[in-house]
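Student: For reference, the file model_2.json (JSON, C-alpha atoms and all ligand atoms) is included below:
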```
[["chain", "number", "residue", "atom", "x", "y", "z"],
["A", 1, "MET", "CA", 7.77, -40.91, -50.34],
["A", 2, "GLN", "CA", 5.13, -43.60, -50.88],
["A", 3, "SER", "CA", 2.59, -44.49, -48.23],
["A", 4, "SER", "CA", 2.24, -48.16, -47.30],
["A", 5, "LYS", "CA", -1.03, -49.93, -46.43],
["A", 6, "SER", "CA", -1.66, -52.07, -43.36],
["A", 7, "GLN", "CA", -3.51, -55.40, -43.62],
["A", 8, "GLU", "CA", -6.72, -53.63, -42.53],
["A", 9, "GLY", "CA", -6.30, -51.26, -45.46],
["A", 10, "LYS", "CA", -5.53, -48.23, -43.27],
["A", 11, "LEU", "CA", -2.92, -45.83, -44.57],
["A", 12, "LEU", "CA", 0.19, -45.88, -42.39],
["A", 13, "ASN", "CA", 2.41, -42.90, -41.81],
["A", 14, "PRO", "CA", 5.82, -43.99, -43.23],
["A", 15, "LEU", "CA", 7.67, -42.15, -40.42],
["A", 16, "LYS", "CA", 5.57, -43.89, -37.77],
["A", 17, "THR", "CA", 6.27, -47.23, -39.38],
["A", 18, "LYS", "CA", 9.98, -46.50, -39.20],
["A", 19, "LYS", "CA", 9.66, -45.68, -35.49],
["A", 20, "GLN", "CA", 7.61, -48.80, -34.90],
["A", 21, "LYS", "CA", 10.28, -50.87, -36.64],
["A", 22, "ALA", "CA", 13.05, -49.26, -34.58],
["A", 23, "LEU", "CA", 11.12, -50.07, -31.39],
["A", 24, "GLU", "CA", 10.55, -53.67, -32.46],
["A", 25, "ASP", "CA", 14.25, -54.03, -33.26],
["A", 26, "PHE", "CA", 15.08, -52.55, -29.88],
["A", 27, "ASN", "CA", 12.74, -54.95, -28.06],
["A", 28, "ASN", "CA", 14.26, -57.91, -29.90],
["A", 29, "ARG", "CA", 17.75, -56.72, -29.09],
["A", 30, "ILE", "CA", 17.18, -56.48, -25.34],
["A", 31, "ARG", "CA", 15.24, -59.76, -25.07],
["A", 32, "ASP", "CA", 18.21, -62.03, -24.33],
["A", 33, "CYS", "CA", 20.38, -59.57, -22.47],
["A", 34, "ASP", "CA", 22.79, -61.09, -19.96],
["A", 35, "ARG", "CA", 24.89, -58.02, -19.26],
["A", 36, "CYS", "CA", 24.30, -58.22, -15.52],
["A", 37, "ARG", "CA", 23.36, -60.65, -12.72],
["A", 38, "LEU", "CA", 19.67, -59.63, -12.90],
["A", 39, "SER", "CA", 19.38, -61.81, -16.02],
["A", 40, "LEU", "CA", 19.71, -64.86, -13.72],
["A", 41, "THR", "CA", 16.66, -64.04, -11.60],
["A", 42, "ARG", "CA", 14.19, -62.43, -14.03],
["A", 43, "LYS", "CA", 11.30, -64.10, -15.80],
["A", 44, "HIS", "CA", 10.88, -61.35, -18.40],
["A", 45, "ILE", "CA", 12.79, -58.36, -19.67],
["A", 46, "LEU", "CA", 10.24, -55.59, -19.71],
["A", 47, "ALA", "CA", 10.16, -53.43, -22.79],
["A", 48, "GLY", "CA", 8.40, -50.09, -22.53],
["A", 49, "GLU", "CA", 4.70, -49.81, -23.33],
["A", 50, "GLY", "CA", 2.20, -47.16, -24.29],
["A", 51, "ASP", "CA", 1.92, -44.63, -27.10],
["A", 52, "MET", "CA", 5.23, -44.49, -28.95],
["A", 53, "ASP", "CA", 4.25, -41.03, -30.26],
["A", 54, "ALA", "CA", 3.48, -39.74, -26.78],
["A", 55, "ARG", "CA", 4.89, -36.38, -25.75],
["A", 56, "ILE", "CA", 5.54, -37.72, -22.25],
["A", 57, "MET", "CA", 7.84, -40.63, -21.38],
["A", 58, "LEU", "CA", 7.61, -41.94, -17.82],
["A", 59, "ILE", "CA", 10.68, -43.75, -16.48],
["A", 60, "ALA", "CA", 10.19, -45.97, -13.41],
["A", 61, "LEU", "CA", 12.93, -47.90, -11.63],
["A", 62, "SER", "CA", 12.39, -51.57, -12.55],
["A", 63, "PRO", "CA", 9.63, -54.18, -12.90],
["A", 64, "GLY", "CA", 8.19, -55.49, -9.61],
["A", 65, "GLU", "CA", 7.34, -59.12, -8.93],
["A", 66, "ASN", "CA", 3.90, -58.94, -10.63],
["A", 67, "GLU", "CA", 5.26, -57.05, -13.61],
["A", 68, "ASP", "CA", 8.07, -59.60, -14.03],
["A", 69, "ALA", "CA", 5.59, -62.48, -13.91],
["A", 70, "GLU", "CA", 3.07, -60.94, -16.33],
["A", 71, "ASP", "CA", 5.45, -59.02, -18.59],
["A", 72, "ARG", "CA", 3.40, -55.81, -18.18],
["A", 73, "MET", "CA", 4.26, -52.48, -16.64],
["A", 74, "PHE", "CA", 2.69, -51.16, -13.44],
["A", 75, "ILE", "CA", 0.16, -53.94, -12.80],
["A", 76, "GLY", "CA", 1.04, -54.58, -9.14],
["A", 77, "PRO", "CA", 0.45, -52.41, -6.04],
["A", 78, "SER", "CA", 2.57, -49.56, -7.46],
["A", 79, "GLY", "CA", 0.42, -49.65, -10.59],
["A", 80, "GLN", "CA", -2.71, -49.23, -8.49],
["A", 81, "VAL", "CA", -1.15, -46.18, -6.85],
["A", 82, "LEU", "CA", -0.14, -44.83, -10.26],
["A", 83, "ASP", "CA", -3.69, -45.27, -11.53],
["A", 84, "LYS", "CA", -5.03, -43.38, -8.52],
["A", 85, "LEU", "CA", -2.52, -40.55, -9.02],
["A", 86, "PHE", "CA", -3.40, -40.39, -12.72],
["A", 87, "HIS", "CA", -7.12, -40.42, -11.96],
["A", 88, "GLU", "CA", -6.73, -37.54, -9.49],
["A", 89, "ALA", "CA", -4.57, -35.63, -11.96],
["A", 90, "GLY", "CA", -6.92, -36.22, -14.91],
["A", 91, "MET", "CA", -4.33, -38.26, -16.81],
["A", 92, "GLU", "CA", -4.71, -41.47, -18.83],
["A", 93, "ARG", "CA", -2.07, -44.17, -19.23],
["A", 94, "GLU", "CA", -2.86, -44.21, -22.97],
["A", 95, "TRP", "CA", -1.48, -40.68, -23.33],
["A", 96, "ILE", "CA", 2.06, -41.60, -22.34],
["A", 97, "TYR", "CA", 4.89, -44.03, -23.02],
["A", 98, "MET", "CA", 6.23, -45.85, -19.95],
["A", 99, "THR", "CA", 9.47, -47.68, -19.40],
["A", 100, "ASN", "CA", 11.98, -48.65, -16.70],
["A", 101, "LEU", "CA", 15.50, -47.57, -15.92],
["A", 102, "ILE", "CA", 16.39, -51.22, -15.27],
["A", 103, "LYS", "CA", 14.58, -53.66, -17.53],
["A", 104, "CYS", "CA", 14.76, -56.72, -15.22],
["A", 105, "THR", "CA", 13.23, -57.11, -11.78],
["A", 106, "LEU", "CA", 15.30, -56.46, -8.67],
["A", 107, "PRO", "CA", 15.03, -59.54, -6.41],
["A", 108, "LYS", "CA", 13.01, -58.86, -3.24],
["A", 109, "CYS", "CA", 12.68, -55.21, -4.36],
["A", 110, "ARG", "CA", 16.25, -54.53, -3.28],
["A", 111, "ARG", "CA", 18.08, -51.36, -4.29],
["A", 112, "PRO", "CA", 19.83, -51.43, -7.67],
["A", 113, "LYS", "CA", 23.62, -51.65, -7.75],
["A", 114, "MET", "CA", 25.60, -49.08, -9.68],
["A", 115, "ASP", "CA", 26.87, -51.61, -12.24],
["A", 116, "GLU", "CA", 23.27, -52.77, -12.90],
["A", 117, "ILE", "CA", 22.19, -49.20, -13.64],
["A", 118, "GLU", "CA", 25.21, -48.70, -15.88],
["A", 119, "SER", "CA", 24.59, -51.96, -17.76],
["A", 120, "CYS", "CA", 20.99, -51.02, -18.50],
["A", 121, "SER", "CA", 21.43, -47.29, -19.11],
["A", 122, "LYS", "CA", 22.49, -47.77, -22.72],
["A", 123, "PHE", "CA", 19.14, -49.43, -23.41],
["A", 124, "LEU", "CA", 17.32, -46.50, -21.89],
["A", 125, "GLU", "CA", 19.33, -44.07, -24.01],
["A", 126, "ASP", "CA", 18.43, -46.04, -27.15],
["A", 127, "GLU", "CA", 14.78, -46.08, -26.14],
["A", 128, "ILE", "CA", 14.74, -42.31, -25.55],
["A", 129, "SER", "CA", 16.30, -41.68, -28.95],
["A", 130, "ILE", "CA", 13.64, -43.84, -30.63],
["A", 131, "ILE", "CA", 10.65, -42.32, -28.78],
["A", 132, "GLN", "CA", 12.06, -38.76, -28.74],
["A", 133, "PRO", "CA", 9.72, -37.60, -25.99],
["A", 134, "GLU", "CA", 9.17, -33.89, -25.52],
["A", 135, "ILE", "CA", 9.06, -34.38, -21.75],
["A", 136, "ILE", "CA", 10.89, -37.05, -19.75],
["A", 137, "VAL", "CA", 9.35, -37.87, -16.38],
["A", 138, "PRO", "CA", 11.73, -39.85, -14.19],
["A", 139, "LEU", "CA", 10.02, -41.40, -11.15],
["A", 140, "GLY", "CA", 11.93, -41.50, -7.90],
["A", 141, "TYR", "CA", 15.57, -41.14, -6.94],
["A", 142, "TYR", "CA", 17.41, -43.56, -9.25],
["A", 143, "ALA", "CA", 15.63, -42.63, -12.49],
["A", 144, "THR", "CA", 15.85, -38.92, -11.63],
["A", 145, "ARG", "CA", 19.56, -39.13, -10.84],
["A", 146, "THR", "CA", 20.24, -40.95, -14.12],
["A", 147, "ILE", "CA", 18.23, -38.51, -16.24],
["A", 148, "LEU", "CA", 19.50, -35.33, -14.56],
["A", 149, "THR", "CA", 23.07, -36.60, -15.00],
["A", 150, "LYS", "CA", 22.51, -37.52, -18.68],
["A", 151, "TYR", "CA", 21.15, -34.05, -19.48],
["A", 152, "HIS", "CA", 23.64, -32.12, -17.31],
["A", 153, "ALA", "CA", 20.75, -30.82, -15.23],
["A", 154, "ASP", "CA", 22.61, -30.28, -11.99],
["A", 155, "PRO", "CA", 21.80, -33.48, -10.03],
["A", 156, "PRO", "CA", 22.04, -32.86, -6.27],
["A", 157, "ALA", "CA", 24.98, -34.46, -4.47],
["A", 158, "ALA", "CA", 22.90, -35.82, -1.60],
["A", 159, "ARG", "CA", 19.99, -38.25, -2.05],
["A", 160, "LYS", "CA", 17.77, -36.32, 0.36],
["A", 161, "ASP", "CA", 17.95, -33.25, -1.91],
["A", 162, "PHE", "CA", 16.35, -35.04, -4.86],
["A", 163, "LYS", "CA", 12.94, -34.58, -3.23],
["A", 164, "LYS", "CA", 13.31, -30.83, -3.84],
["A", 165, "LYS", "CA", 13.41, -31.53, -7.60],
["A", 166, "TYR", "CA", 10.10, -33.40, -7.70],
["A", 167, "GLY", "CA", 7.37, -31.44, -9.45],
["A", 168, "ILE", "CA", 9.80, -28.82, -10.81],
["A", 169, "LEU", "CA", 10.06, -28.58, -14.60],
["A", 170, "ILE", "CA", 13.67, -28.47, -15.84],
["A", 171, "PHE", "CA", 14.96, -27.57, -19.31],
["A", 172, "SER", "CA", 18.52, -28.70, -19.92],
["A", 173, "ASP", "CA", 20.41, -29.82, -23.03],
["A", 174, "ASP", "CA", 17.25, -29.07, -25.07],
["A", 175, "GLN", "CA", 15.22, -31.57, -23.04],
["A", 176, "LYS", "CA", 12.27, -30.95, -20.74],
["A", 177, "ILE", "CA", 12.35, -33.06, -17.59],
["A", 178, "LEU", "CA", 9.74, -33.27, -14.84],
["A", 179, "PRO", "CA", 10.96, -35.49, -11.97],
["A", 180, "LEU", "CA", 8.12, -36.95, -9.89],
["A", 181, "PRO", "CA", 7.99, -39.15, -6.77],
["A", 182, "HIS", "CA", 7.73, -42.88, -7.54],
["A", 183, "PRO", "CA", 4.18, -44.18, -6.82],
["A", 184, "ALA", "CA", 5.69, -46.98, -4.68],
["A", 185, "THR", "CA", 6.75, -44.43, -2.05],
["A", 186, "LEU", "CA", 3.08, -43.98, -1.13],
["A", 187, "LEU", "CA", 2.85, -47.68, -0.31],
["A", 188, "TYR", "CA", 5.35, -47.09, 2.49],
["A", 189, "ASP", "CA", 4.23, -43.62, 3.54],
["A", 190, "PRO", "CA", 0.71, -42.59, 2.45],
["A", 191, "SER", "CA", 1.02, -39.28, 4.34],
["A", 192, "PHE", "CA", 2.60, -37.79, 1.19],
["A", 193, "GLU", "CA", -0.44, -38.58, -0.95],
["A", 194, "HIS", "CA", -1.87, -35.08, -1.18],
["A", 195, "GLU", "CA", 1.42, -33.41, -2.14],
["A", 196, "THR", "CA", 2.19, -36.22, -4.59],
["A", 197, "ILE", "CA", -1.19, -35.74, -6.31],
["A", 198, "GLU", "CA", -0.47, -32.01, -6.62],
["A", 199, "LYS", "CA", 2.83, -32.79, -8.35],
["A", 200, "TYR", "CA", 1.21, -35.29, -10.72],
["A", 201, "LYS", "CA", -1.36, -32.62, -11.65],
["A", 202, "LYS", "CA", 1.44, -30.90, -13.58],
["A", 203, "LEU", "CA", 1.34, -33.68, -16.19],
["A", 204, "PRO", "CA", -1.94, -32.67, -17.90],
["A", 205, "ILE", "CA", -0.76, -29.02, -17.91],
["A", 206, "LEU", "CA", 2.20, -30.15, -20.02],
["A", 207, "MET", "CA", -0.09, -31.83, -22.53],
["A", 208, "GLN", "CA", -1.04, -28.50, -24.11],
["A", 209, "ALA", "CA", 0.57, -25.10, -24.61],
["A", 210, "CYS", "CA", -0.67, -21.96, -22.87],
["A", 211, "LYS", "CA", -3.93, -20.72, -24.41],
["A", 212, "TRP", "CA", -2.44, -17.22, -24.81],
["A", 213, "TYR", "CA", 0.67, -18.42, -26.68],
["A", 214, "SER", "CA", -0.40, -17.59, -30.24],
["A", 215, "MET", "CA", -0.88, -13.91, -29.35],
["A", 216, "CYS", "CA", 1.72, -13.55, -26.59],
["A", 217, "PRO", "CA", 4.64, -11.13, -27.14],
["A", 218, "MET", "CA", 6.95, -13.85, -25.77],
["A", 219, "LYS", "CA", 6.24, -15.90, -28.92],
["A", 220, "ARG", "CA", 7.09, -12.90, -31.09],
["A", 221, "PHE", "CA", 10.32, -12.20, -29.20],
["A", 222, "TYR", "CA", 11.35, -15.85, -29.36],
["A", 223, "GLU", "CA", 10.66, -16.16, -33.09],
["A", 224, "ALA", "CA", 12.65, -12.97, -33.66],
["A", 225, "GLY", "CA", 15.59, -14.54, -31.83],
["A", 226, "ARG", "CA", 15.39, -12.06, -28.92],
["A", 227, "LEU", "CA", 14.26, -14.47, -26.21],
["A", 228, "GLU", "CA", 15.94, -17.63, -24.95],
["A", 229, "ARG", "CA", 14.11, -20.87, -25.73],
["A", 230, "LYS", "CA", 14.01, -21.86, -22.05],
["A", 231, "TRP", "CA", 11.26, -19.28, -21.37],
["A", 232, "ILE", "CA", 9.02, -20.88, -23.99],
["A", 233, "GLU", "CA", 9.72, -24.45, -22.90],
["A", 234, "LEU", "CA", 9.41, -23.83, -19.16],
["A", 235, "TYR", "CA", 6.33, -21.63, -19.33],
["A", 236, "CYS", "CA", 4.45, -21.28, -22.65],
["A", 237, "LYS", "CA", 4.87, -24.97, -23.56],
["A", 238, "GLY", "CA", 5.58, -26.04, -20.00],
["A", 239, "ILE", "CA", 3.94, -25.15, -16.68],
["A", 240, "TRP", "CA", 2.10, -22.08, -17.98],
["A", 241, "GLN", "CA", 0.08, -21.86, -14.77],
["A", 242, "ASN", "CA", 3.32, -20.64, -13.10],
["A", 243, "CYS", "CA", 3.60, -17.73, -15.54],
["A", 244, "VAL", "CA", 3.02, -14.26, -14.10],
["A", 245, "ARG", "CA", 1.93, -13.02, -17.52],
["A", 246, "TYR", "CA", -0.65, -15.81, -17.72],
["A", 247, "GLU", "CA", -1.98, -14.94, -14.29],
["A", 248, "MET", "CA", -2.31, -11.27, -15.24],
["A", 249, "GLU", "CA", -4.02, -12.13, -18.54],
["A", 250, "GLU", "CA", -6.53, -14.21, -16.60],
["A", 251, "LEU", "CA", -7.19, -11.32, -14.21],
["A", 252, "ASP", "CA", -7.26, -8.86, -17.11],
["A", 253, "HIS", "CA", -4.50, -6.82, -15.44],
["A", 254, "TYR", "CA", -2.27, -4.58, -17.53],
["A", 255, "HIS", "CA", 1.35, -5.70, -17.98],
["A", 256, "PHE", "CA", 4.25, -4.56, -20.14],
["A", 257, "ASP", "CA", 5.17, -6.56, -23.23],
["A", 258, "TRP", "CA", 8.74, -6.79, -21.96],
["A", 259, "MET", "CA", 7.82, -8.50, -18.70],
["A", 260, "LEU", "CA", 9.20, -12.06, -18.67],
["A", 261, "PRO", "CA", 7.07, -15.06, -17.60],
["A", 262, "ASP", "CA", 8.63, -14.97, -14.12],
["A", 263, "GLY", "CA", 7.48, -11.37, -13.70],
["A", 264, "SER", "CA", 10.90, -9.76, -14.10],
["A", 265, "PRO", "CA", 11.31, -6.92, -16.65],
["A", 266, "ASP", "CA", 13.70, -7.27, -19.59],
["A", 267, "GLU", "CA", 14.48, -3.79, -20.87],
["A", 268, "ASN", "CA", 16.26, -5.31, -23.91],
["A", 269, "LEU", "CA", 12.86, -6.37, -25.24],
["A", 270, "LYS", "CA", 11.47, -2.84, -25.18],
["A", 271, "GLY", "CA", 10.43, -1.56, -28.58],
["A", 272, "TYR", "CA", 10.30, -4.97, -30.32],
["B", 301, "LIG", "S1", 4.48, -15.93, -21.56],
["B", 301, "LIG", "FE1", 2.95, -16.71, -20.15],
["B", 301, "LIG", "S2", 1.00, -15.86, -20.91],
["B", 301, "LIG", "FE2", 2.47, -15.74, -22.57],
["B", 301, "LIG", "S3", 2.13, -17.62, -23.73],
["B", 301, "LIG", "FE3", 3.83, -17.96, -22.28],
["B", 301, "LIG", "S4", 2.84, -18.88, -20.51],
["B", 301, "LIG", "FE4", 1.22, -17.93, -21.69]]
```
Please render this file's structure as structure tokens.
Ligand code: SF4

Tutor:
Amino acid sequence: MQSSKSQEGKLLNPLKTKKQKALEDFNNRIRDCDRCRLSLTRKHILAGEGDMDARIMLIALSPGENEDAEDRMFIGPSGQVLDKLFHEAGMEREWIYMTNLIKCTLPKCRRPKMDEIESCSKFLEDEISIIQPEIIVPLGYYATRTILTKYHADPPAARKDFKKKYGILIFSDDQKILPLPHPATLLYDPSFEHETIEKYKKLPILMQACKWYSMCPMKRFYEAGRLERKWIELYCKGIWQNCVRYEMEELDHYHFDWMLPDGSPDENLKGY
């Protein structure tokens, strides 16, 4: 395959160019959407923004008033909260791709209606298949419900139970998902700030695999087809700080090769 050159003379990765083109086509396609009543009250349809090659894709609910006016994501009060959460967690906006579940603003910040979510969901699905993020991070109830449903990840029946999912890494249908509280919730109730920061601190952990992975027996077992992929995705390339093996490595404590990342033994792995 031939490489192409940009106007500045830099070599472009042909695959990246293809992705860029797909994203541009997508943005053009959604621009005039009138599938639902929100098209009557919006100023802009907000496309996603950020690094299209990012491993993490954040999905918020919808643009607020400021975002609708300026055609930018997270620039209003929620954006300030997001920046604070990112700062505390050691994250940068530039490291992720961000988008919304609903691309047009919800008048007076009202709740979305079911038909509005359904009308816009197809766009989100297209966007996910273009970006192909390793980790999807839905923010708040509506985005989390949509993503857990799409990936058959056992969405709770009651809204109040979604809070229990925030900060827990899920692997379902070959997709990693980390639901987090929406930053806007802290505008209404700042008492959750500390626990929200702790949950956002899981994001930088996901940016790199466990430092022990290259020499860990779990890698060997997985590559030999003896270990389910979920262990690797949830721990070694997920929240490795939760791994009992990791903890014991750090403390230099002896542990059996056949001990799984959650600390349980798997006798079937003995001798491999
Ligand atoms: S099993 Fe634990 S220690 Fe081993 S690579 Fe995975 S996270 Fe790290």

Student: Considering only C-alpha atoms, return as a list in words whatever protein or nucleic-acid residues lie within 10 Å of Gly79 (chain A), sequence-local ones (same chain, fewer than 4 positions apart) excluded.

Tutor: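 After dropping sequence-adjacent residues, the list is Gly64, Asn66, Glu67, Met73, Phe74, Ile75, Asp83, Lys84, Leu85, Pro183 and Ala184 of chain A.
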
Student: So which residues touch Arg159 (chain A) within 8 Å, counting only C-alpha atoms, skipping near sequence neighbours fewer than 3 positions away, as a ChimeraX atom specification?

Tutor: /A:141,156,162

Student: Hey, can you spit out that residue selection with C-alpha atoms as an mmCIF file, keeping the file's coordinate frame?

Tutor:
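Just written: result03.cif:
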```cif
data_model
loop_
_atom_site.group_PDB
_atom_site.id
_atom_site.type_symbol
_atom_site.label_atom_id
_atom_site.label_comp_id
_atom_site.auth_asym_id
_atom_site.auth_seq_id
_atom_site.Cartn_x
_atom_site.Cartn_y
_atom_site.Cartn_z
ATOM 1 C CA TYR A 141 15.570 -41.140 -6.940
ATOM 2 C CA PRO A 156 22.040 -32.860 -6.270
ATOM 3 C CA PHE A 162 16.350 -35.040 -4.860
#
```

Student: Under the rule of at most 8 Å, produce a per-residue listing of region 44-75 of chain A near region 119-131 of chain A: chain, number, name, the closest pair of atoms, and the distance in Å, as a Markdown table, using all atoms listed in the file.

Tutor:
```
| residue | atom | partner | partner_atom | distance |
| --- | --- | --- | --- | --- |
| A:Met52 | CA | A:Ile131 | CA | 5.8 |
| A:Asp53 | CA | A:Ile131 | CA | 6.7 |
| A:Ala54 | CA | A:Ile131 | CA | 7.9 |
```

Student: Next, the residues of the selection above should be written as a short mmCIF file (atom, residue, chain, number, x, y, z; two decimals), keeping the file's coordinate frame with C-alpha atoms.

Tutor:
```cif
data_model
loop_
_atom_site.label_atom_id
_atom_site.label_comp_id
_atom_site.auth_asym_id
_atom_site.auth_seq_id
_atom_site.Cartn_x
_atom_site.Cartn_y
_atom_site.Cartn_z
CA MET A 52 5.23 -44.49 -28.95
CA ASP A 53 4.25 -41.03 -30.26
CA ALA A 54 3.48 -39.74 -26.78
#
```

Student: All residues within 6 Å of ligand LIG 301 (chain B) are required, counting only C-alpha atoms and all ligand atoms; please report them as a list of chain:residue names.

Tutor: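 Final answer, ordered by chain and number: A:Cys210, A:Trp212, A:Tyr213, A:Cys216, A:Met218, A:Tyr235, A:Cys236, A:Trp240, A:Cys243, A:Arg245, A:Tyr246, A:Pro261.
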
Student: Check the smallest atom-to-atom distance from each of A:Cys36, A:Met91, A:Ala22, A:Leu203 to Met114 (chain A) using all atoms listed in the file, then report the winner.

Tutor: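 Counting all atoms listed in the file, the residue closest to Met114 (chain A) is A:Cys36.
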
Student: Rank nothing, just name the residue among A:Ile96, A:Ile56, A:Ala157, A:Val244 nearest to Gln175 (chain A), using all atoms listed in the file.

Tutor: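 With all atoms listed in the file as the atom set, the closest residue is A:Ile56.
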
Student: Excluding same-chain residues fewer than 4 positions from Phe86 (chain A), what lies within 9 Å of it counting all atoms listed in the file, as a PyMOL selection string?

Tutor: chain A and resi 81-82+90-93+197+200-201+203

Student: Find the residues near Asp68 (chain A): any atom within 10 Å, counting all atoms listed in the file, skip ones fewer than 4 places away on the same chain, and give them as a ChimeraX atom specification.

Tutor: /A:41-46,62-64,72-73,75-76,103-106

Student: Keeping only C-alpha atoms, write the selected residues to a file as an mmCIF file, in the coordinates of the input.

Tutor:
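As written to disk, selection-v9.cif reads:
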```cif
data_model
loop_
_atom_site.group_PDB
_atom_site.id
_atom_site.type_symbol
_atom_site.label_atom_id
_atom_site.label_comp_id
_atom_site.auth_asym_id
_atom_site.auth_seq_id
_atom_site.Cartn_x
_atom_site.Cartn_y
_atom_site.Cartn_z
ATOM 1 C CA THR A 41 16.660 -64.040 -11.600
ATOM 2 C CA ARG A 42 14.190 -62.430 -14.030
ATOM 3 C CA LYS A 43 11.300 -64.100 -15.800
ATOM 4 C CA HIS A 44 10.880 -61.350 -18.400
ATOM 5 C CA ILE A 45 12.790 -58.360 -19.670
ATOM 6 C CA LEU A 46 10.240 -55.590 -19.710
ATOM 7 C CA SER A 62 12.390 -51.570 -12.550
ATOM 8 C CA PRO A 63 9.630 -54.180 -12.900
ATOM 9 C CA GLY A 64 8.190 -55.490 -9.610
ATOM 10 C CA ARG A 72 3.400 -55.810 -18.180
ATOM 11 C CA MET A 73 4.260 -52.480 -16.640
ATOM 12 C CA ILE A 75 0.160 -53.940 -12.800
ATOM 13 C CA GLY A 76 1.040 -54.580 -9.140
ATOM 14 C CA LYS A 103 14.580 -53.660 -17.530
ATOM 15 C CA CYS A 104 14.760 -56.720 -15.220
ATOM 16 C CA THR A 105 13.230 -57.110 -11.780
ATOM 17 C CA LEU A 106 15.300 -56.460 -8.670
#
```

Student: Work out how far apart CA of Lys270 (chain A) and CA of Asp257 (chain A) are and give it in Å to one decimal.

Tutor: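 These atoms are spaced 7.6 Å apart.
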
Student: If we count all atoms listed in the file and set the cut-off at 8 Å, which residues sit around Lys202 (chain A), ignoring sequence neighbours fewer than 4 positions away in its own chain? Please answer as a list in words.

Tutor: Ala89, Gly167, Glu198, Leu206 and Ile239 of chain A

Student: Please indicate the distance in Å from CA of Gln241 (chain A) to CA of Glu228 (chain A), rounded to one decimal place.

Tutor: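 Calculated distance between CA of Gln241 (chain A) and CA of Glu228 (chain A) is 19.3 Å.
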
Student: Around all listed atoms of region 253-267 of chain A, padded 4 Å per side, what centre and edge lengths does the axis-aligned box have in Å to one decimal, as lines of an AutoDock Vina configuration file?

Tutor:
```
center_x = 5.0
center_y = -9.4
center_z = -18.5
size_x = 27.0
size_y = 19.3
size_z = 17.5
```

Student: Quick one: residues within 10 Å of (0.0, -31.9, -24.0) (file frame), counting only C-alpha atoms, please, as a list in words.

Tutor: Ala54, Arg55, Ile56, Trp95, Glu134, Ile135, Leu203, Pro204, Ile205, Leu206, Met207, Gln208, Ala209, Lys237 and Gly238 of chain A

Student: So which one's closest to Gly50 (chain A), A:Glu193, A:Glu94, A:Asp161, A:Asp266? Using only C-alpha atoms, please.

Tutor: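 Selected residue with least distance to Gly50 (chain A): A:Glu94.
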
Student: Expressed in Å to a single decimal, how great is the separation between CA of Pro190 (chain A) and CA of Thr146 (chain A)?

Tutor: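 Between CA of Pro190 (chain A) and CA of Thr146 (chain A) the gap is 25.7 Å.
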